[in-house]
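Everything on this sheet refers to the single structure shown next.
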Amino acid sequence: MSRSEKEKIKAERFAREGLSDADYSLLKIFVVIIVTALSAFLFSYALIFWSFWPAIIVAFFCASLIALIPLLLKAWILYLATTFVLTIAFVLPLFLVGNVPVVPAGVVAIITIVMLMAGFVSAKRELNNSLRISFTKFSGKVLGRAFIVISIVLAVTYGWNFQARALFSDDFINRVIVLTSPFIGQHIPGFDPQMKLSNLIDTFARQSVLQHDVGNFIHLPIHLQKQVVNQTATSLYETIENNLGTNINLETSVQDNLQVVITDKVVVPIEAIPAERLAVIIALIIFIAVSGPFWFLSWVAMGIAFILFQLLLTIKFAETYLEPRSKEIILIK
């Protein structure tokens, strides 16, 4: 017996039993909802207790499971139940242990409900209007909104837990210097983050003089060369101080001076902003920063969802069948 004949027989049985618009196994329905909710809870938990990248990995897995919901569930009451359970899973860790107040947590809950239901309705409409299941089309309807929810949860969590001094820590400064040292070294030979700032300025001043007037400079006596370099270095030092609006210590290292400048010019002004306003600002910045890449990389989640779907079909957790449909038409006789 061919595959099409088997699907036809199965479809006729489903039609007789009234299962074309209802779900077949309550146990499997329960498993789908619970596993998806656990992934949402794990994502929020990861944002609070884990580092950024493990949380992002969980986020893509969570979005993939959410994308499968319209395929595996059919009744509208199950969509409502799933939306409600997922909203609790996303928001509960933020409210209980994530230091997020009631109002922003409530806003996240409302947006989550609206976005998830809109995605489910859109995907359901796509499935109902298609003769064959187009995985790309229907999953795209859900994934875009799922990543909006994930972006908002991430933004609110980090926004209300933002600490400027923790962000611009010594480790952060060290990483920035390590990354930029090769580039700086191309323009300032012998650059070392631990070198005195005075040595850095002198080296840069000498390089600047050589680039702009190398012909005359190399023919000057040694003492005049030193005088020109010292004058250029003094001018450069004054320019840096005037532009920064803060004192710099020539006898301390480049790294130490950078830390002082960042603390005075970045950390202190940020800490002067009222806490609630700062949290909203940081949350908006993070949402804008992550929502674009999430949308661009949604194909990754789509690929994960497709693999999971094929796995469910392989283990007979779900099955495909052809649904017999009747259509009302009008004829002029």
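Residue numbering restarts at 1 for every chain of the structure tokens, chains are lettered A, B, ... in their displayed order, and ligands are numbered from 1 as they appear.
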Show which residues sit within 6 Å of segment 152-168 of chain A, as a list in words. Count only C-alpha atoms, and ignore same-chain residues fewer than 5 positions away.
Val100, Val267, Ala279, Ile282, Ala283, Ile286 and Phe287 of chain A
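Around Phe61 of chain A, within 9 Å and counting only C-alpha atoms, the residues found are A:Ser39, A:Ile56, A:Ile66, A:Ala301, A:Ile304, A:Ala305, once anything fewer than 5 positions away on its own chain is removed.
Atom CA of Leu308 of chain A sits 25.6 Å away from atom CA of Val114 of chain A.
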Every residue of segment 17-72 of chain A that DSSP places in helix (DSSP H, G or I), as a PyMOL selection string
chain A and resi 26-49+52-72
Using C-alpha atoms, can you export the residues from the last selection as a PDB file, in the first residue's frame?
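again-v1.pdb was written with the following content:
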ATOM      1  CA  LEU A  26      -4.242  14.885  25.941  1.00  0.00           C
ATOM      2  CA  LEU A  27      -1.058  13.451  27.438  1.00  0.00           C
ATOM      3  CA  LYS A  28       1.012  14.607  24.462  1.00  0.00           C
ATOM      4  CA  ILE A  29      -0.690  18.016  24.565  1.00  0.00           C
ATOM      5  CA  PHE A  30       0.293  18.320  28.204  1.00  0.00           C
ATOM      6  CA  VAL A  31       3.896  17.343  27.379  1.00  0.00           C
ATOM      7  CA  VAL A  32       4.128  19.937  24.578  1.00  0.00           C
ATOM      8  CA  ILE A  33       2.864  22.769  26.779  1.00  0.00           C
ATOM      9  CA  ILE A  34       4.996  21.842  29.790  1.00  0.00           C
ATOM     10  CA  VAL A  35       8.240  21.388  27.828  1.00  0.00           C
ATOM     11  CA  THR A  36       7.734  24.707  26.038  1.00  0.00           C
ATOM     12  CA  ALA A  37       6.961  26.442  29.332  1.00  0.00           C
ATOM     13  CA  LEU A  38      10.066  24.913  30.949  1.00  0.00           C
ATOM     14  CA  SER A  39      12.217  26.283  28.127  1.00  0.00           C
ATOM     15  CA  ALA A  40      10.725  29.770  28.673  1.00  0.00           C
ATOM     16  CA  PHE A  41      11.342  29.518  32.420  1.00  0.00           C
ATOM     17  CA  LEU A  42      14.904  28.301  31.818  1.00  0.00           C
ATOM     18  CA  PHE A  43      15.567  31.280  29.536  1.00  0.00           C
ATOM     19  CA  SER A  44      14.490  33.805  32.181  1.00  0.00           C
ATOM     20  CA  TYR A  45      16.411  31.862  34.818  1.00  0.00           C
ATOM     21  CA  ALA A  46      19.526  31.839  32.610  1.00  0.00           C
ATOM     22  CA  LEU A  47      19.376  35.617  32.198  1.00  0.00           C
ATOM     23  CA  ILE A  48      19.476  36.046  35.962  1.00  0.00           C
ATOM     24  CA  PHE A  49      21.901  33.342  37.091  1.00  0.00           C
ATOM     25  CA  PHE A  52      24.683  36.055  28.374  1.00  0.00           C
ATOM     26  CA  TRP A  53      25.589  33.437  25.773  1.00  0.00           C
ATOM     27  CA  PRO A  54      24.100  30.371  27.510  1.00  0.00           C
ATOM     28  CA  ALA A  55      20.893  32.383  27.887  1.00  0.00           C
ATOM     29  CA  ILE A  56      20.911  33.156  24.147  1.00  0.00           C
ATOM     30  CA  ILE A  57      21.302  29.454  23.304  1.00  0.00           C
ATOM     31  CA  VAL A  58      18.299  28.665  25.512  1.00  0.00           C
ATOM     32  CA  ALA A  59      16.398  31.534  23.846  1.00  0.00           C
ATOM     33  CA  PHE A  60      16.749  30.001  20.377  1.00  0.00           C
ATOM     34  CA  PHE A  61      15.660  26.589  21.645  1.00  0.00           C
ATOM     35  CA  CYS A  62      12.656  28.206  23.389  1.00  0.00           C
ATOM     36  CA  ALA A  63      11.651  30.100  20.230  1.00  0.00           C
ATOM     37  CA  SER A  64      11.893  26.862  18.220  1.00  0.00           C
ATOM     38  CA  LEU A  65       9.486  25.096  20.575  1.00  0.00           C
ATOM     39  CA  ILE A  66       7.056  28.023  20.479  1.00  0.00           C
ATOM     40  CA  ALA A  67       7.118  27.857  16.674  1.00  0.00           C
ATOM     41  CA  LEU A  68       5.907  24.254  16.813  1.00  0.00           C
ATOM     42  CA  ILE A  69       2.833  25.024  18.934  1.00  0.00           C
ATOM     43  CA  PRO A  70       0.457  25.828  16.016  1.00  0.00           C
ATOM     44  CA  LEU A  71       1.458  22.568  14.326  1.00  0.00           C
ATOM     45  CA  LEU A  72       0.944  20.374  17.358  1.00  0.00           C
TER      46      LEU A  72
END
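Using only C-alpha atoms, the nearest neighbour of Leu250 of chain A within the list A:Ile184, A:Ala233, A:Met302, A:Val176 is A:Ala233.
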Go through A:Leu86, A:Ile285, A:Ala75, A:Leu200 and flag the residue nearest Val149 of chain A, using only C-alpha atoms for the distances.
A:Leu86
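Comparing A:Thr83, A:Val108, A:Ser134, A:Pro101 by their smallest distance to Phe120 of chain A, the closest is A:Thr83 (using only C-alpha atoms).
Relative to atom CA of Lys265 of chain A, atom CA of Asp202 of chain A is found at 24.7 Å.
Minimum atom-to-atom distance to Asn174 of chain A, evaluated using only C-alpha atoms, belongs to A:Val254 out of A:Val254, A:Ile150, A:Leu236, A:Met117.
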